[in-house]
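Following: one structure in structure tokens, then a few remarks.
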Amino acid sequence: MRYYWDMTTSTPSSDRGLSKFHRLLVDQLRNEFTASQQYIALAAWFDDRDLPQLARVFYQQSLEERDHAMMMVRFLLDNDVPTAIPSTGEIRNDFDSPRDLVALALRQEREVTEQIHLLVKAAREENDYTGEQFLGWFLQEQTEEVAKMSTLLAVVDRANGNLFDLETFVARDMPDSSGGEAGAPETAGPGITV
Ligand SMILES: [Fe+2]
Ligand SMILES: [Fe+2]
């Protein structure tokens, strides 16, 4: 239940009636859904070029990004923050080489890391301990995802155009995560992470 009329809240207000942290978190939904959709575009590109292992990794990444968004939806609902499900940003589909796609994925993960840092900063400035604790798992997750994409980019460069080597590496060293990640926030509805 939402108490729109409750004016006793001590949370700092903005023009949208939300704390800065809550406003940024609502905006972050769009970034996570965009990341999810962009990963589908990358997966489909690899799938279309008969690179099933790379396709698998990016289809899986897409599901994980969707989970991130749905964890945020769960948090917003549980904290009675008015939430609208957004459309995504622009999705890029034109690429010249596998390296372009992996480089885009790494850039995207670095951007999201910056966004999560801004969220942590806002929560901290507003003494939103619940919000700051919620973000702890995302900080850890971003470290892992940036590391994963930067390893993959290094392997792409090392493979030097040999797509068979690249697929072999991905098959051997990048298995799908099996879910049940420790401390992962709950999603709204079913997800693959928890
Ligand atoms: Fe994410
Ligand atoms: Fe990510």
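Numbering starts fresh at 1 for the residues of each chain in the structure tokens, the chains themselves are lettered A, B, ... in the order given, and ligands are numbered from 1 as they appear.
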Could you give me, as a compact mmCIF listing (two decimals) with C-alpha atoms, in the first residue's frame, each residue of region 43-102 of chain A that DSSP assigns to alpha helix (DSSP H) when run on this structure's backbone?
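That gives us states-v2.txt:
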```txt
# COMPACT_ATOMS: atom_id res chain seq x y z
CA ALA A 43 23.90 -12.09 -28.81
CA ALA A 44 21.80 -12.10 -31.99
CA TRP A 45 24.76 -10.73 -33.99
CA PHE A 46 26.99 -13.59 -32.78
CA ASP A 47 24.16 -16.11 -33.23
CA ASP A 48 23.68 -14.97 -36.83
CA PRO A 52 27.12 -20.02 -30.48
CA GLN A 53 29.37 -19.70 -27.42
CA LEU A 54 29.62 -15.92 -27.65
CA ALA A 55 25.89 -15.78 -28.37
CA ARG A 56 25.20 -17.86 -25.24
CA VAL A 57 27.28 -15.56 -23.01
CA PHE A 58 25.47 -12.45 -24.24
CA TYR A 59 21.97 -13.96 -24.08
CA GLN A 60 22.80 -14.87 -20.48
CA GLN A 61 24.10 -11.34 -19.77
CA SER A 62 20.82 -9.99 -21.08
CA LEU A 63 18.88 -12.06 -18.55
CA GLU A 64 21.18 -10.88 -15.76
CA GLU A 65 20.61 -7.23 -16.68
CA ARG A 66 16.88 -7.84 -16.69
CA ASP A 67 17.26 -9.30 -13.20
CA HIS A 68 19.12 -6.17 -12.07
CA ALA A 69 16.20 -4.05 -13.27
CA MET A 70 13.69 -6.36 -11.59
CA MET A 71 15.63 -6.25 -8.29
CA MET A 72 15.30 -2.47 -8.46
CA VAL A 73 11.58 -2.78 -9.24
CA ARG A 74 11.20 -5.06 -6.18
CA PHE A 75 13.08 -2.56 -3.99
CA LEU A 76 11.02 0.41 -5.25
CA LEU A 77 7.74 -1.47 -4.72
CA ASP A 78 8.77 -2.59 -1.24
CA PRO A 98 33.50 -9.23 -32.80
CA ARG A 99 35.89 -6.81 -31.12
CA ASP A 100 33.41 -3.94 -31.63
CA LEU A 101 30.73 -5.83 -29.71
CA VAL A 102 32.92 -6.81 -26.79
```
### Task
Name each residue within 10 Å of ligand 2, counting only C-alpha atoms and all ligand atoms, as a VMD selection string.
chain A and resid 31 to 32 35 to 36 39 61 to 66 68 105 to 106 108 to 113 138 141 to 146 148 to 149
### Task
Would you work out the distance separating CA of Leu139 (chain A) from CA of Lys121 (chain A), expressed in Å to one decimal?
12.1 Å
### Message
Taking only C-alpha atoms into account, name the residue in A:Phe95, A:Phe33, A:Phe169, A:Phe134 that is nearest to Leu119 (chain A).
### Response
A:Phe134
### Message
Can you pull out the residues contacting Glu90 (chain A)? Cut-off 10 Å, using only C-alpha atoms, and skip same-chain residues under 5 positions away; I want them as an NGL selection string.
### Response
:A and (34 or 37-38)
### CA of Ala123 (chain A) to CA of Phe21 (chain A), distance in Å rounded to a single decimal
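Atom-to-atom, CA of Ala123 (chain A) and CA of Phe21 (chain A) are spaced 5.4 Å apart.
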### Query
Skipping near chain neighbours, those fewer than 6 positions away, what residues fall within 9 Å of Pro86 (chain A) using only C-alpha atoms, listed as a PyMOL selection string?
chain A and resi 26-27+29-30+33
Can you write out the residues you just picked, keeping C-alpha atoms, as a short mmCIF file (atom, residue, chain, number, x, y, z; two decimals), in the first residue's frame?
```
data_model
loop_
_atom_site.label_atom_id
_atom_site.label_comp_id
_atom_site.auth_asym_id
_atom_site.auth_seq_id
_atom_site.Cartn_x
_atom_site.Cartn_y
_atom_site.Cartn_z
CA VAL A 26 13.97 5.04 -10.89
CA ASP A 27 16.21 6.38 -13.70
CA LEU A 29 15.73 1.06 -14.34
CA ARG A 30 15.99 2.44 -17.86
CA PHE A 33 16.67 -2.49 -19.29
#
```
### Query
Between A:Met174, A:Leu104, A:Val155, A:Ala147, which one has atoms that come closest to Leu42 (chain A), using only C-alpha atoms?
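Once distances to Leu42 (chain A) are computed over only C-alpha atoms, the minimum belongs to A:Leu104.
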### Query
Of the candidates A:Val170, A:Arg158, A:Glu186, A:Gln140, which one gets nearest to ligand 1 if we count only C-alpha atoms and all ligand atoms?
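Going through A:Val170, A:Arg158, A:Glu186, A:Gln140 one by one, the smallest distance to ligand 1 is for A:Gln140.
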#### Entry: Distance criterion (only C-alpha atoms and all ligand atoms): nearest to ligand 1 out of A:Gln115, A:Asp173, A:Asp94, A:Asn162
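So, comparing all the options, the nearest one is A:Gln115.
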### Query
In Å to one decimal, how far is CA of Trp137 (chain A) from CA of Gly191 (chain A)?
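These atoms are spaced 15.9 Å apart.
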### Task
Could you give me, as number ranges by chain, the residues within 6 Å of region 177-185 of chain A, counting only C-alpha atoms and dropping anything in the same chain fewer than 3 positions from it?
A: 71, 192-194
### Query
Which residue, A:Ala171, A:Ala154, A:Ile116, A:Ala84, has the smallest gap to ligand 1 when you use only C-alpha atoms and all ligand atoms?
A:Ile116
